[in-house]
Every structure is written in structure tokens, then in C-alpha cells.
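**Student:** My file is work32.tsv. It has TSV, C-alpha atoms and all ligand atoms:
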chain	number	residue	atom	x	y	z
A	172	MET	CA	115.29	97.47	134.60
A	173	ALA	CA	117.50	99.68	132.54
A	174	GLN	CA	117.70	102.23	129.80
A	175	VAL	CA	119.88	100.83	127.00
A	176	GLN	CA	121.89	103.03	124.68
A	177	LEU	CA	124.03	102.15	121.69
A	178	VAL	CA	126.30	104.96	120.52
A	179	GLY	CA	127.99	104.57	117.13
A	180	VAL	CA	128.18	100.78	117.49
A	181	SER	CA	129.71	98.81	114.61
A	182	LYS	CA	130.63	95.15	114.38
A	183	ARG	CA	132.80	93.52	111.74
A	184	PHE	CA	133.43	89.83	111.21
A	185	GLY	CA	136.50	89.80	108.95
A	186	SER	CA	135.42	91.69	105.87
A	187	THR	CA	131.68	91.47	106.72
A	188	ILE	CA	130.20	94.54	108.35
A	189	ALA	CA	127.36	93.02	110.36
A	190	VAL	CA	126.19	96.28	111.94
A	191	GLN	CA	127.28	99.79	111.20
A	192	ALA	CA	127.13	103.02	113.21
A	193	LEU	CA	124.10	102.05	115.27
A	194	ASP	CA	122.60	104.68	117.52
A	195	LEU	CA	119.73	103.41	119.63
A	196	ASP	CA	118.15	104.81	122.77
A	197	ILE	CA	115.84	102.26	124.38
A	198	ALA	CA	113.81	103.51	127.33
A	199	ASP	CA	113.58	101.81	130.69
A	200	GLY	CA	110.72	99.29	130.56
A	201	GLU	CA	110.17	99.68	126.84
A	202	PHE	CA	109.14	96.86	124.47
A	203	PHE	CA	111.58	97.54	121.65
A	204	THR	CA	111.81	95.46	118.47
A	205	LEU	CA	114.56	95.03	115.89
A	206	LEU	CA	112.81	94.17	112.62
A	207	GLY	CA	114.42	93.26	109.31
A	208	GLY	CA	115.16	90.57	106.77
A	209	SER	CA	117.68	87.75	107.07
A	210	GLY	CA	121.29	88.86	107.56
A	211	CYS	CA	120.49	92.52	108.31
A	212	GLY	CA	122.26	92.41	111.68
A	213	LYS	CA	119.44	91.85	114.19
A	214	SER	CA	121.01	88.96	116.12
A	215	THR	CA	124.42	90.62	116.08
A	216	THR	CA	122.87	93.73	117.66
A	217	LEU	CA	121.21	91.60	120.31
A	218	HIS	CA	124.47	89.73	121.04
A	219	LEU	CA	126.28	93.06	121.38
A	220	ILE	CA	123.70	94.27	123.91
A	221	ALA	CA	123.93	90.94	125.77
A	222	GLY	CA	127.74	91.04	125.85
A	223	LEU	CA	128.03	87.84	123.80
A	224	GLU	CA	129.93	89.87	121.17
A	225	THR	CA	132.23	92.85	121.57
A	226	PRO	CA	131.73	95.84	119.26
A	227	SER	CA	134.50	96.74	116.79
A	228	SER	CA	133.76	100.36	117.69
A	229	GLY	CA	131.24	102.36	119.68
A	230	HIS	CA	129.77	102.24	123.16
A	231	ILE	CA	126.98	100.44	124.96
A	232	LEU	CA	125.44	102.00	128.04
A	233	PHE	CA	122.95	100.73	130.62
A	234	ASP	CA	121.43	103.56	132.65
A	235	SER	CA	124.14	105.90	131.30
A	236	GLU	CA	126.87	103.59	132.60
A	237	GLU	CA	129.35	102.14	130.12
A	238	VAL	CA	129.00	98.33	129.91
A	239	THR	CA	130.84	97.76	126.60
A	240	ALA	CA	133.57	95.65	128.20
A	241	ARG	CA	131.37	93.83	130.72
A	242	SER	CA	130.47	90.13	130.53
A	243	PRO	CA	126.84	89.01	130.05
A	244	ARG	CA	126.61	88.05	133.73
A	245	GLU	CA	127.86	91.47	134.86
A	246	ARG	CA	125.27	93.12	132.64
A	247	ASN	CA	122.46	91.08	134.24
A	248	VAL	CA	120.69	90.36	130.98
A	249	ALA	CA	118.66	87.30	130.03
A	250	VAL	CA	118.54	85.97	126.49
A	251	VAL	CA	116.00	83.61	124.93
A	252	PHE	CA	116.82	82.16	121.54
A	253	GLN	CA	114.72	80.58	118.85
A	254	ASN	CA	115.48	77.03	120.07
A	255	TYR	CA	114.40	76.55	123.64
A	256	ALA	CA	117.64	75.00	124.98
A	257	LEU	CA	116.12	73.65	128.18
A	258	TYR	CA	118.01	71.19	130.40
A	259	PRO	CA	116.57	67.88	129.18
A	260	HIS	CA	117.07	65.93	132.42
A	261	LYS	CA	115.53	68.52	134.68
A	262	THR	CA	111.80	68.96	135.22
A	263	VAL	CA	110.06	72.21	134.32
A	264	ALA	CA	110.36	73.27	137.97
A	265	GLY	CA	114.06	72.35	137.89
A	266	ASN	CA	114.62	74.37	134.75
A	267	LEU	CA	112.81	77.40	136.18
A	268	ALA	CA	114.69	77.17	139.47
A	269	PHE	CA	118.11	76.70	137.90
A	270	PRO	CA	119.15	80.39	137.53
A	271	LEU	CA	118.24	81.00	141.19
A	272	LEU	CA	120.35	78.05	142.38
A	273	ILE	CA	123.54	79.49	140.89
A	274	GLY	CA	125.51	81.08	143.67
A	275	GLY	CA	123.40	79.29	146.32
A	276	ARG	CA	122.26	82.52	147.90
A	277	VAL	CA	118.49	82.33	147.44
A	278	PRO	CA	116.70	80.36	150.23
A	279	LYS	CA	114.84	77.21	149.14
A	280	ALA	CA	111.40	78.49	150.16
A	281	GLU	CA	112.00	81.68	148.22
A	282	ILE	CA	113.01	79.68	145.11
A	283	GLU	CA	109.85	77.57	145.36
A	284	ALA	CA	107.69	80.67	145.68
A	285	GLN	CA	109.32	82.32	142.67
A	286	VAL	CA	108.98	79.17	140.55
A	287	ARG	CA	105.28	79.00	141.43
A	288	GLU	CA	104.80	82.69	140.63
A	289	MET	CA	106.55	82.38	137.27
A	290	ALA	CA	104.56	79.24	136.42
A	291	ARG	CA	101.37	81.12	137.25
A	292	LEU	CA	102.34	84.06	135.02
A	293	LEU	CA	103.12	81.68	132.15
A	294	ARG	CA	100.17	79.36	132.81
A	295	ILE	CA	102.31	76.24	133.13
A	296	GLU	CA	101.49	75.40	136.77
A	297	ASP	CA	100.25	71.93	135.84
A	298	LEU	CA	103.45	71.12	133.93
A	299	LEU	CA	105.98	71.68	136.71
A	300	GLU	CA	106.87	68.01	137.18
A	301	ARG	CA	107.26	67.20	133.47
A	302	LYS	CA	110.51	66.87	131.54
A	303	PRO	CA	111.06	69.05	128.42
A	304	ARG	CA	110.53	66.09	126.06
A	305	GLU	CA	107.01	65.73	127.48
A	306	LEU	CA	106.12	69.29	126.43
A	307	SER	CA	104.91	70.81	123.16
A	308	GLY	CA	107.05	73.43	121.42
A	309	GLY	CA	104.91	76.27	122.78
A	310	GLN	CA	105.11	74.91	126.32
A	311	GLN	CA	108.90	74.51	126.05
A	312	GLN	CA	109.21	78.09	124.87
A	313	ARG	CA	107.09	79.29	127.81
A	314	VAL	CA	109.47	77.50	130.17
A	315	ALA	CA	112.46	79.07	128.40
A	316	LEU	CA	110.88	82.53	128.83
A	317	GLY	CA	110.20	81.83	132.49
A	318	ARG	CA	113.71	80.56	133.13
A	319	ALA	CA	115.15	83.71	131.57
A	320	LEU	CA	112.90	86.06	133.51
A	321	ILE	CA	113.01	84.41	136.91
A	322	ARG	CA	116.14	86.12	138.11
A	323	ARG	CA	114.71	89.51	137.22
A	324	PRO	CA	117.24	90.62	134.64
A	325	GLN	CA	117.82	94.30	133.92
A	326	VAL	CA	117.21	93.65	130.24
A	327	PHE	CA	115.32	90.81	128.59
A	328	LEU	CA	116.53	89.89	125.08
A	329	LEU	CA	114.47	87.65	122.79
A	330	ASP	CA	115.81	86.44	119.44
A	331	GLU	CA	112.95	85.19	117.24
A	332	PRO	CA	111.49	83.20	120.16
A	333	LEU	CA	108.34	82.20	118.27
A	334	SER	CA	109.68	81.27	114.86
A	335	ASN	CA	109.72	77.51	115.54
A	336	LEU	CA	106.04	77.46	116.44
A	337	ASP	CA	102.99	77.04	114.23
A	338	ALA	CA	100.98	80.12	113.22
A	339	ARG	CA	98.22	79.77	115.83
A	340	LEU	CA	100.56	79.13	118.69
A	341	ARG	CA	102.68	82.11	117.64
A	342	VAL	CA	99.65	84.38	117.98
A	343	THR	CA	98.76	82.94	121.41
A	344	LEU	CA	102.29	83.11	122.74
A	345	ARG	CA	103.00	86.58	121.43
A	346	ARG	CA	99.99	87.81	123.41
A	347	GLU	CA	101.40	86.07	126.45
A	348	ILE	CA	104.78	87.72	125.95
A	349	LYS	CA	103.02	91.09	125.81
A	350	THR	CA	101.07	90.29	128.99
A	351	LEU	CA	104.25	89.11	130.68
A	352	HIS	CA	106.01	92.34	129.76
A	353	GLN	CA	103.11	94.37	131.10
A	354	ALA	CA	103.37	92.44	134.37
A	355	VAL	CA	107.14	92.68	134.87
A	356	ARG	CA	107.96	95.89	132.93
A	357	THR	CA	111.54	94.79	132.30
A	358	THR	CA	113.17	96.52	129.32
A	359	LEU	CA	112.54	94.03	126.53
A	360	ILE	CA	114.41	93.92	123.23
A	361	TYR	CA	112.82	91.62	120.71
A	362	VAL	CA	114.21	90.40	117.38
A	363	THR	CA	111.94	89.29	114.56
A	364	HIS	CA	111.61	89.29	110.80
A	365	ASP	CA	107.82	89.07	111.15
A	366	GLN	CA	106.40	92.54	110.62
A	367	GLU	CA	103.02	91.65	112.12
A	368	GLU	CA	104.68	90.41	115.31
A	369	ALA	CA	106.69	93.64	115.49
A	370	MET	CA	103.61	95.80	114.90
A	371	VAL	CA	101.39	94.18	117.54
A	372	LEU	CA	104.00	93.82	120.27
A	373	SER	CA	106.19	96.88	120.22
A	374	ASP	CA	106.22	100.29	121.79
A	375	ARG	CA	108.81	101.15	119.15
A	376	ILE	CA	110.40	99.35	116.23
A	377	ALA	CA	113.85	99.84	114.69
A	378	VAL	CA	113.73	98.70	111.07
A	379	MET	CA	117.14	97.35	110.05
A	380	HIS	CA	118.57	96.83	106.59
A	381	ALA	CA	122.14	95.88	105.66
A	382	GLY	CA	123.50	96.51	109.15
A	383	ARG	CA	121.91	99.91	109.61
A	384	VAL	CA	118.77	101.24	111.23
A	385	ARG	CA	116.62	102.77	108.50
A	386	GLN	CA	113.91	104.07	110.81
A	387	CYS	CA	113.04	103.94	114.46
A	388	GLY	CA	109.53	104.79	115.61
A	389	SER	CA	106.17	103.61	116.89
A	390	PRO	CA	104.35	100.98	114.82
A	391	ARG	CA	101.97	103.70	113.59
A	392	GLU	CA	104.82	105.96	112.48
A	393	ILE	CA	106.59	103.12	110.71
A	394	TYR	CA	103.41	102.08	108.91
A	395	HIS	CA	101.96	105.46	107.97
A	396	THR	CA	105.10	107.56	107.58
A	397	PRO	CA	107.88	105.24	106.40
A	398	ALA	CA	111.22	106.99	105.98
A	399	ASP	CA	111.96	105.13	102.77
A	400	LEU	CA	110.81	102.47	100.37
A	401	THR	CA	112.67	99.65	102.16
A	402	VAL	CA	110.74	100.37	105.36
A	403	ALA	CA	107.45	100.87	103.49
A	404	GLU	CA	107.77	97.55	101.70
A	405	LEU	CA	108.80	95.64	104.81
A	406	VAL	CA	105.69	96.50	106.83
A	407	GLY	CA	102.11	95.87	105.79
A	408	SER	CA	100.41	92.83	104.33
A	409	PRO	CA	99.71	92.50	101.47
A	410	PRO	CA	102.67	94.71	100.62
A	411	LEU	CA	102.57	98.29	99.42
A	412	ASN	CA	101.67	98.91	95.75
A	413	CYS	CA	104.39	100.75	93.81
A	414	LEU	CA	104.05	102.67	90.57
A	415	ASP	CA	106.78	104.49	88.66
A	416	VAL	CA	105.41	107.77	87.36
A	417	GLU	CA	106.51	110.90	85.61
A	418	VAL	CA	105.01	114.22	86.63
A	419	ARG	CA	103.53	116.21	83.73
A	420	GLU	CA	101.68	119.43	84.54
A	421	GLN	CA	98.90	118.35	86.89
A	422	ARG	CA	99.15	114.71	85.87
A	423	PHE	CA	101.09	111.57	86.60
A	424	ALA	CA	102.07	109.65	83.47
A	425	LEU	CA	101.84	105.93	84.24
A	426	PRO	CA	103.70	102.94	82.83
A	427	GLY	CA	101.84	101.84	79.69
A	428	GLY	CA	100.68	105.32	78.66
A	429	GLY	CA	97.83	106.00	81.12
A	430	GLU	CA	97.57	109.22	83.07
A	431	LEU	CA	96.21	110.22	86.46
A	432	ALA	CA	94.89	113.75	86.93
A	433	ILE	CA	96.04	115.15	90.27
A	434	PRO	CA	92.98	116.67	92.00
A	435	PRO	CA	93.37	120.42	92.69
A	436	ALA	CA	93.04	119.85	96.44
A	437	GLN	CA	96.18	117.65	96.32
A	438	ALA	CA	98.20	119.88	93.96
A	439	GLU	CA	100.22	121.45	96.74
A	440	ARG	CA	101.32	118.09	98.13
A	441	PHE	CA	102.73	117.00	94.80
A	442	ALA	CA	104.28	120.34	93.84
A	443	ASN	CA	108.07	120.80	93.88
A	444	LEU	CA	108.83	117.10	93.78
A	445	PRO	CA	111.18	115.42	91.28
A	446	ARG	CA	109.91	114.74	87.76
A	447	ARG	CA	110.23	111.00	88.16
A	448	MET	CA	108.97	109.33	91.29
A	449	ARG	CA	107.86	106.02	92.63
A	450	LEU	CA	104.41	106.25	94.17
A	451	GLY	CA	103.42	103.93	97.00
A	452	ILE	CA	99.89	103.15	98.11
A	453	ARG	CA	98.72	100.60	100.65
A	454	PRO	CA	96.17	98.00	99.44
A	455	GLU	CA	93.50	99.30	101.85
A	456	HIS	CA	93.61	102.71	100.16
A	457	VAL	CA	92.81	101.39	96.67
A	458	GLN	CA	89.13	100.83	95.86
A	459	VAL	CA	86.87	99.77	93.04
A	460	THR	CA	84.45	102.51	92.07
A	461	SER	CA	81.21	102.52	90.11
A	462	SER	CA	81.73	106.07	88.84
A	463	SER	CA	84.64	106.76	86.51
A	464	GLY	CA	87.83	105.92	88.34
A	465	LEU	CA	91.46	106.92	88.04
A	466	GLY	CA	92.16	103.86	85.92
A	467	ARG	CA	90.79	100.57	84.77
A	468	GLY	CA	91.98	97.07	85.52
A	469	ARG	CA	91.12	93.43	85.02
A	470	VAL	CA	90.62	91.29	88.10
A	471	GLN	CA	93.35	88.68	87.94
A	472	GLN	CA	92.84	86.91	91.25
A	473	VAL	CA	90.56	87.11	94.29
A	474	GLU	CA	91.61	85.75	97.69
A	475	HIS	CA	88.89	85.37	100.35
A	476	LEU	CA	90.41	85.35	103.82
A	477	GLY	CA	87.13	85.29	105.73
A	478	LYS	CA	87.44	88.67	107.43
A	479	GLU	CA	88.56	90.46	104.25
A	480	THR	CA	89.37	89.91	100.58
A	481	TYR	CA	92.50	90.61	98.57
A	482	VAL	CA	91.92	91.52	94.92
A	483	PHE	CA	94.76	91.60	92.41
A	484	LEU	CA	94.17	93.91	89.45
A	485	GLU	CA	96.07	93.86	86.16
A	486	CYS	CA	96.23	97.34	84.72
A	487	GLU	CA	98.09	98.34	81.54
A	488	GLU	CA	101.73	97.77	82.55
A	489	TYR	CA	101.38	97.65	86.29
A	490	GLY	CA	99.49	95.70	88.91
A	491	LEU	CA	97.52	96.82	91.95
A	492	THR	CA	96.55	94.90	95.07
A	493	MET	CA	93.36	95.95	96.80
A	494	ARG	CA	92.20	95.05	100.26
A	495	ALA	CA	88.41	94.76	100.07
A	496	ALA	CA	85.58	93.80	102.42
A	497	ALA	CA	84.71	90.20	103.31
A	498	ASP	CA	81.60	90.29	101.12
A	499	CYS	CA	83.45	91.41	97.98
A	500	VAL	CA	81.81	89.75	94.94
A	501	LEU	CA	84.40	90.51	92.26
A	502	GLN	CA	85.32	87.62	89.96
A	503	PRO	CA	88.52	86.96	88.00
A	504	GLY	CA	88.26	88.38	84.48
A	505	GLN	CA	85.96	91.26	85.45
A	506	VAL	CA	87.03	94.71	84.28
A	507	VAL	CA	86.63	97.41	86.93
A	508	ASP	CA	87.38	101.08	87.53
A	509	TRP	CA	89.68	101.74	90.44
A	510	THR	CA	90.49	104.79	92.50
A	511	TRP	CA	92.70	105.53	95.49
A	512	ARG	CA	92.75	107.83	98.49
A	513	TRP	CA	95.08	110.58	97.30
A	514	GLU	CA	95.97	111.72	100.80
A	515	HIS	CA	97.54	108.30	101.45
A	516	VAL	CA	99.74	108.24	98.35
A	517	LEU	CA	103.42	108.15	99.33
A	518	CYS	CA	106.13	109.61	97.07
A	519	PHE	CA	109.58	108.03	96.93
A	520	ASP	CA	112.76	109.09	95.22
A	521	PRO	CA	113.30	106.44	92.51
A	522	HIS	CA	117.09	106.48	93.04
A	523	ASP	CA	117.62	106.31	96.80
A	524	GLY	CA	114.08	105.31	97.83
A	525	ARG	CA	113.68	108.12	100.37
A	526	ASN	CA	110.13	109.22	101.23
A	527	LEU	CA	109.98	112.71	99.76
A	528	HIS	CA	107.43	113.87	102.34
A	529	TYR	CA	109.23	112.37	105.33
A	530	VAL	CA	110.25	114.73	108.08
A	531	SER	CA	112.87	113.23	110.34
A	532	ARG	CA	112.88	114.23	113.99
A	533	SER	CA	116.12	116.08	113.53
A	534	GLY	CA	115.48	117.92	110.27
A	535	VAL	CA	112.74	119.45	108.20
A	536	GLN	CA	112.26	118.17	104.70
A	537	GLY	CA	109.16	119.13	102.73
A	538	PRO	CA	105.57	119.13	103.96
A	539	LYS	CA	104.60	116.51	106.52
A	540	VAL	CA	102.15	113.81	105.54
A	541	SER	CA	99.12	113.96	107.80
A	542	PHE	CA	97.03	110.93	108.74
B	1	LIG	N1	130.19	84.96	113.90
B	1	LIG	C1	130.11	85.47	112.67
B	1	LIG	N2	131.12	85.37	111.80
B	1	LIG	C2	131.06	85.90	110.56
B	1	LIG	N3	129.98	86.55	110.08
B	1	LIG	C3	128.92	86.68	110.90
B	1	LIG	C4	128.91	86.13	112.22
B	1	LIG	N4	127.72	86.41	112.79
B	1	LIG	C5	127.00	87.09	111.86
B	1	LIG	N5	127.73	87.25	110.73
B	1	LIG	C6	127.30	87.97	109.50
B	1	LIG	O1	126.80	89.24	109.88
B	1	LIG	C7	125.63	89.58	109.16
B	1	LIG	C8	124.48	89.82	110.13
B	1	LIG	O2	124.15	88.59	110.75
B	1	LIG	P1	123.01	88.45	111.85
B	1	LIG	O3	123.07	87.07	112.38
B	1	LIG	O4	123.13	89.57	112.82
B	1	LIG	O5	121.70	88.66	110.96
B	1	LIG	P2	120.16	88.52	111.35
B	1	LIG	O6	119.51	89.82	111.01
B	1	LIG	O7	120.01	88.04	112.74
B	1	LIG	O8	119.65	87.41	110.30
B	1	LIG	P3	118.59	86.20	110.48
B	1	LIG	O9	117.22	86.82	110.36
B	1	LIG	O10	118.88	85.32	109.32
B	1	LIG	O11	118.82	85.55	111.81
B	1	LIG	C9	125.39	88.45	108.19
B	1	LIG	O12	125.97	88.80	106.96
B	1	LIG	C10	126.14	87.29	108.82
B	1	LIG	O13	126.59	86.37	107.84
B	2	MG	MG	119.27	86.25	113.59
Could the structure of this file be written out as C-alpha cells, please?
Ligand SMILES: Nc1ncnc2c1ncn2[C@@H]1O[C@H](COP(=O)(O)OP(=O)(O)OP(=O)(O)O)[C@@H](O)[C@H]1O
Ligand SMILES: [Mg+2]

**Tutor:**
Amino acid sequence: MAQVQLVGVSKRFGSTIAVQALDLDIADGEFFTLLGGSGCGKSTTLHLIAGLETPSSGHILFDSEEVTARSPRERNVAVVFQNYALYPHKTVAGNLAFPLLIGGRVPKAEIEAQVREMARLLRIEDLLERKPRELSGGQQQRVALGRALIRRPQVFLLDEPLSNLDARLRVTLRREIKTLHQAVRTTLIYVTHDQEEAMVLSDRIAVMHAGRVRQCGSPREIYHTPADLTVAELVGSPPLNCLDVEVREQRFALPGGGELAIPPAQAERFANLPRRMRLGIRPEHVQVTSSSGLGRGRVQQVEHLGKETYVFLECEEYGLTMRAAADCVLQPGQVVDWTWRWEHVLCFDPHDGRNLHYVSRSGVQGPKVSF
């Protein structure tokens, strides 16, 4: 197990800057996730940590020791990619045993014991004699995870390991990955573009965009106190509602001419902010109300998911998504009053997207949002 640090790490491929000035400090035993859209630099970061790529500048340290120039083998890391890449002619047991056979130093009985232990952890004991082609995708990926973990790497690196699997299997296997991590406590760095996967698995998440880390924090911090609009829009489903407003006295002027009166209790939170802002509110903090609301909207669509309902409202020149209860009886075409929980309204700078209430760990910037 190891603490992993990246200090000012950049990587260029010709004129493409894949990652830029990355500073990461990943604790020993942590489940750490790199989350972001396609091409933001997640895999490159993982390859740099693995030693499969060399940084153009910066340093990589394991337990405070510089490893920047070391090969993957010298770093003692294990990587699992999206495609399972098992040895097709070997059985599951043969695949699991393979990393221990290299070097010929581990006694046969010891190898057999470790293969059995890993198969038990991954619940594939009854598959040990099968060949990869006789396994389902989920089973193959379990074997790939086991093969990577069996030689007890210092750092375990997973690059979108579940993205080839169907939705149900992804949920099952992600729980197994979490259980596996709790059992072995190896530092685990996980790459995904799936925000839900990142939220449920991680101790901390680094949200990446265009080669940079936009925010690094616990799932709760990322969700409730996003540093900027990019982060806020990337996490949460359905996505955050956004409204461009202009502040006038104690009111927000909305697109289409409507106005929202800021309640006196919230006045302080919205004081001293720019005249134009983009407000963000999560769908679970917007509600239909029977008394007079903040605004009025027409129900455009209702989606029943079983455990909850998503309602899409058309309001003057903006739209709002609401997350409602399972027994929601709204119908398309209905006109309703809506309100929101003011304390959950986020304020973003319309130019650079920064959360105007966000307080970074290193600096103080405006009042902190409390949840
Ligand atoms: N070997 C390479 N040569 C040239 N450009 C590369 C190379 N590897 C990555 N890039 C570029 O670097 C950027 C980051 O790529 P990377 O693979 O790290 O993204 P990613 O976040 O893993 O994306 P995805 O979610 O699609 O896998 C992209 O613009 C990509 O085209
Ligand atoms: Mg990738």
C-alpha cells in the first residue's frame, strides 16, 4: 500500500495537452476516483501513475519517494482496463496464478492457496477450471480484478472496469469492488465518467475537465458544494437546474420577465454578489406547492421511475426539473405553482462559472454554504 502524490504533473502529446499542472495527494488505502467526460485526461493520469507514460513535467511520488522514472514493474502497481484482456488459453485458475508464476519464486502450494483465497473473495470458486470464453462479461471482469490484485500491488489502478457491462451487472460488480477494497485496503485509483459510480464508491473524487482537476473532495462536498458550474452539472441526476438572473433590489429578475422575491431571511446570502448570476438548484430542492409559489409552470413531461418521479416544468422562458415522490399524480398539461428551498440555491459567476459561495481549503471567499 502506498500514498500517491502528483506534483505539478503535465503531459503533452505533440500539441495536445492531455493533463496540465496536476496536484493530487492520494492517501494510503484510499478509494480515489478520477471523474470526468471523454478526453478530459483521466486515462492519461492513470497511465502516468502506472508508469505506462512519462510526464512532460512534474513529479510522481509513492510514499514520498520519487518514482517518476521507474517502470510499472518497479512501481508494483496493477492496472485493470475496460476490456478484460485475460489469457484465452488458460483457465480461470491459470489466469489468477499467472502473476505469481513470474519469477518462479512463490511455492506451488502458496500459489494454490492464494488463487483459492482470491476466488473466494470474488465469488468465482466454481469457475476456476473454465476458460475465459466460457464466462460472462461480469465473470471475466472479476477474474481480471483478481489477477491484478493477487500479487498484492502497492497501488491498484482501474480504468472504467465496468463500462462494458450491462446496468444491473455494473451495480452488482461495483459493490463487489467496494467490498474487495474494504478487504484488502490497497490504495485504489478508479477512473470513470459515471458520476453515480464515483459517488457510491469513492472516499474522494477528483473532478477533471480539459486536463485539469476542477475540484477534489468527498462525494458529499462535490455534490453539495461544487466549486464551479462544470462540477455542479457533472454530478447529480437528473442534472442541476440553471437559471440566468439579474439581481434587482431584493428580487431576481428571471428570463421572460418574471421575478422572484428574495425572502428576508436569505437576504444576507445573496448580498454583495454580482448583478448577473446563474442560479443552480438541484431537482430534489424544487417542489410543487398548493399555496402561491415563486413561479408558475406547465407540466411538460412526467417520468415514473418506480421509487421516484421526475417532472419537467415549462415556465416562461426557462425549464425546471423536479424530483418528486413515487406517488406523484401530476399530469402533462397541468399548470402548477412551484417553489424551491432557498438555502440550497447555488450562485455561479456567469462568465467563469465559479461558485460564488465556494470556500476553497486554501482561501476564504464569501460566506460558506451550509447544508
Ligand atoms: N497517445 C496519445 N497520443 C496523442 N494524444 C493522446 C494520446 N493519449 C491521449 N491523448 C489525448 O489526450 C487527451 C486526454 O486523453 P485521455 O485518454 O486521458 O482521456 P480520458 O479522460 O481517459 O477520455 P475517455 O473517457 O474517452 O477514455 C485527449 O485529447 C486525447 O486525444
Ligand atoms: Mg480513458

**Student:** Kindly compile the residues surrounding ligand LIG 1 (chain B) within 9 Å, counting only C-alpha atoms and all ligand atoms, and format them as an NGL selection string.

**Tutor:** :A and (182-190 or 205-218 or 224 or 330-331 or 362-364 or 379-382)

**Student:** Given only C-alpha atoms and all ligand atoms as the basis, pick out the residue of A:Arg301, A:Arg494, A:Tyr361, A:Arg467 nearest to ligand MG 2 (chain B).

**Tutor:**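 That would be A:Tyr361, the residue with the smallest distance to ligand MG 2 (chain B).
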
**Student:** Report as number ranges by chain all protein, DNA and RNA residues lying within 8 Å of segment 450-464 of chain A, evaluated on all atoms listed in the file, omitting residues in the same chain fewer than 6 positions from it.

**Tutor:** A: 407, 409-416, 491-495, 507-512, 515-519

**Student:** Mind pulling up the distance from atom CA of Pro503 of chain A to atom CA of Gln472 of chain A?

**Tutor:** 5.4 Å

**Student:** In Å, how far is it from atom CA of Val286 of chain A to atom CA of Arg341 of chain A?

**Tutor:**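 Interatomic distance here is 23.9 Å.
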
**Student:** Of the residues A:Ile376, A:Val418, A:Ala192, A:Leu329, which is the one nearest to ligand MG 2 (chain B), using all atoms listed in the file?

**Tutor:**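 Nearest candidate to ligand MG 2 (chain B) out of A:Ile376, A:Val418, A:Ala192, A:Leu329: A:Leu329.
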
**Student:** Pick out the residues sitting within 7 Å of Leu484 of chain A, and hand them over as a list of chain:residue names; count all atoms listed in the file, and ignore anything fewer than 6 positions along from it in its own chain.

**Tutor:**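 The residues that qualify are A:Gly468, A:Arg469, A:Val470, A:Gln471, A:Gly490, A:Leu491, A:Thr492.
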
**Student:** Identify which of the residues A:Asn443, A:Thr239, A:Gln253, A:Asn335 lies closest to ligand MG 2 (chain B), counting only C-alpha atoms and all ligand atoms when measuring atom-to-atom distances.

**Tutor:**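 Checking each of A:Asn443, A:Thr239, A:Gln253, A:Asn335 against ligand MG 2 (chain B), counting only C-alpha atoms and all ligand atoms, the winner is A:Gln253.
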
**Student:** Would you fill out segment 441-454 of chain A with N, CA, C and O atoms and return it as a PDB file, in the frame of the given file?

**Tutor:**
ATOM      1  N   PHE A 441     101.892 117.609  95.834  1.00  0.00           N
ATOM      2  CA  PHE A 441     102.730 117.000  94.800  1.00  0.00           C
ATOM      3  C   PHE A 441     103.553 118.039  94.035  1.00  0.00           C
ATOM      4  O   PHE A 441     104.200 117.720  93.051  1.00  0.00           O
ATOM      5  N   ALA A 442     103.493 119.293  94.510  1.00  0.00           N
ATOM      6  CA  ALA A 442     104.280 120.340  93.840  1.00  0.00           C
ATOM      7  C   ALA A 442     105.733 120.238  94.311  1.00  0.00           C
ATOM      8  O   ALA A 442     106.024 119.698  95.389  1.00  0.00           O
ATOM      9  N   ASN A 443     106.642 120.731  93.520  1.00  0.00           N
ATOM     10  CA  ASN A 443     108.070 120.800  93.880  1.00  0.00           C
ATOM     11  C   ASN A 443     108.697 119.454  94.209  1.00  0.00           C
ATOM     12  O   ASN A 443     109.576 119.366  95.061  1.00  0.00           O
ATOM     13  N   LEU A 444     108.217 118.419  93.590  1.00  0.00           N
ATOM     14  CA  LEU A 444     108.830 117.100  93.780  1.00  0.00           C
ATOM     15  C   LEU A 444     109.541 116.741  92.470  1.00  0.00           C
ATOM     16  O   LEU A 444     109.293 117.341  91.431  1.00  0.00           O
ATOM     17  N   PRO A 445     110.445 115.752  92.508  1.00  0.00           N
ATOM     18  CA  PRO A 445     111.180 115.420  91.280  1.00  0.00           C
ATOM     19  C   PRO A 445     110.232 114.987  90.154  1.00  0.00           C
ATOM     20  O   PRO A 445     109.109 114.549  90.404  1.00  0.00           O
ATOM     21  N   ARG A 446     110.732 115.076  88.920  1.00  0.00           N
ATOM     22  CA  ARG A 446     109.910 114.740  87.760  1.00  0.00           C
ATOM     23  C   ARG A 446     109.545 113.250  87.727  1.00  0.00           C
ATOM     24  O   ARG A 446     108.455 112.864  87.380  1.00  0.00           O
ATOM     25  N   ARG A 447     110.511 112.441  88.093  1.00  0.00           N
ATOM     26  CA  ARG A 447     110.230 111.000  88.160  1.00  0.00           C
ATOM     27  C   ARG A 447     110.149 110.566  89.610  1.00  0.00           C
ATOM     28  O   ARG A 447     111.012 110.930  90.413  1.00  0.00           O
ATOM     29  N   MET A 448     109.137 109.792  89.900  1.00  0.00           N
ATOM     30  CA  MET A 448     108.970 109.330  91.290  1.00  0.00           C
ATOM     31  C   MET A 448     108.421 107.917  91.292  1.00  0.00           C
ATOM     32  O   MET A 448     107.894 107.442  90.299  1.00  0.00           O
ATOM     33  N   ARG A 449     108.555 107.296  92.433  1.00  0.00           N
ATOM     34  CA  ARG A 449     107.860 106.020  92.630  1.00  0.00           C
ATOM     35  C   ARG A 449     106.760 106.286  93.658  1.00  0.00           C
ATOM     36  O   ARG A 449     107.040 106.738  94.766  1.00  0.00           O
ATOM     37  N   LEU A 450     105.520 106.045  93.242  1.00  0.00           N
ATOM     38  CA  LEU A 450     104.410 106.250  94.170  1.00  0.00           C
ATOM     39  C   LEU A 450     104.147 104.958  94.927  1.00  0.00           C
ATOM     40  O   LEU A 450     104.271 103.865  94.372  1.00  0.00           O
ATOM     41  N   GLY A 451     103.771 105.096  96.187  1.00  0.00           N
ATOM     42  CA  GLY A 451     103.420 103.930  97.000  1.00  0.00           C
ATOM     43  C   GLY A 451     102.034 104.117  97.580  1.00  0.00           C
ATOM     44  O   GLY A 451     101.694 105.215  98.036  1.00  0.00           O
ATOM     45  N   ILE A 452     101.233 103.068  97.527  1.00  0.00           N
ATOM     46  CA  ILE A 452      99.890 103.150  98.110  1.00  0.00           C
ATOM     47  C   ILE A 452      99.552 101.806  98.749  1.00  0.00           C
ATOM     48  O   ILE A 452      99.780 100.756  98.151  1.00  0.00           O
ATOM     49  N   ARG A 453      99.050 101.846  99.959  1.00  0.00           N
ATOM     50  CA  ARG A 453      98.720 100.600 100.650  1.00  0.00           C
ATOM     51  C   ARG A 453      97.435 100.001 100.060  1.00  0.00           C
ATOM     52  O   ARG A 453      96.527 100.744  99.659  1.00  0.00           O
ATOM     53  N   PRO A 454      97.343  98.661 100.053  1.00  0.00           N
ATOM     54  CA  PRO A 454      96.170  98.000  99.440  1.00  0.00           C
ATOM     55  C   PRO A 454      94.827  98.463 100.008  1.00  0.00           C
ATOM     56  O   PRO A 454      93.831  98.469  99.288  1.00  0.00           O
TER      57      PRO A 454
END
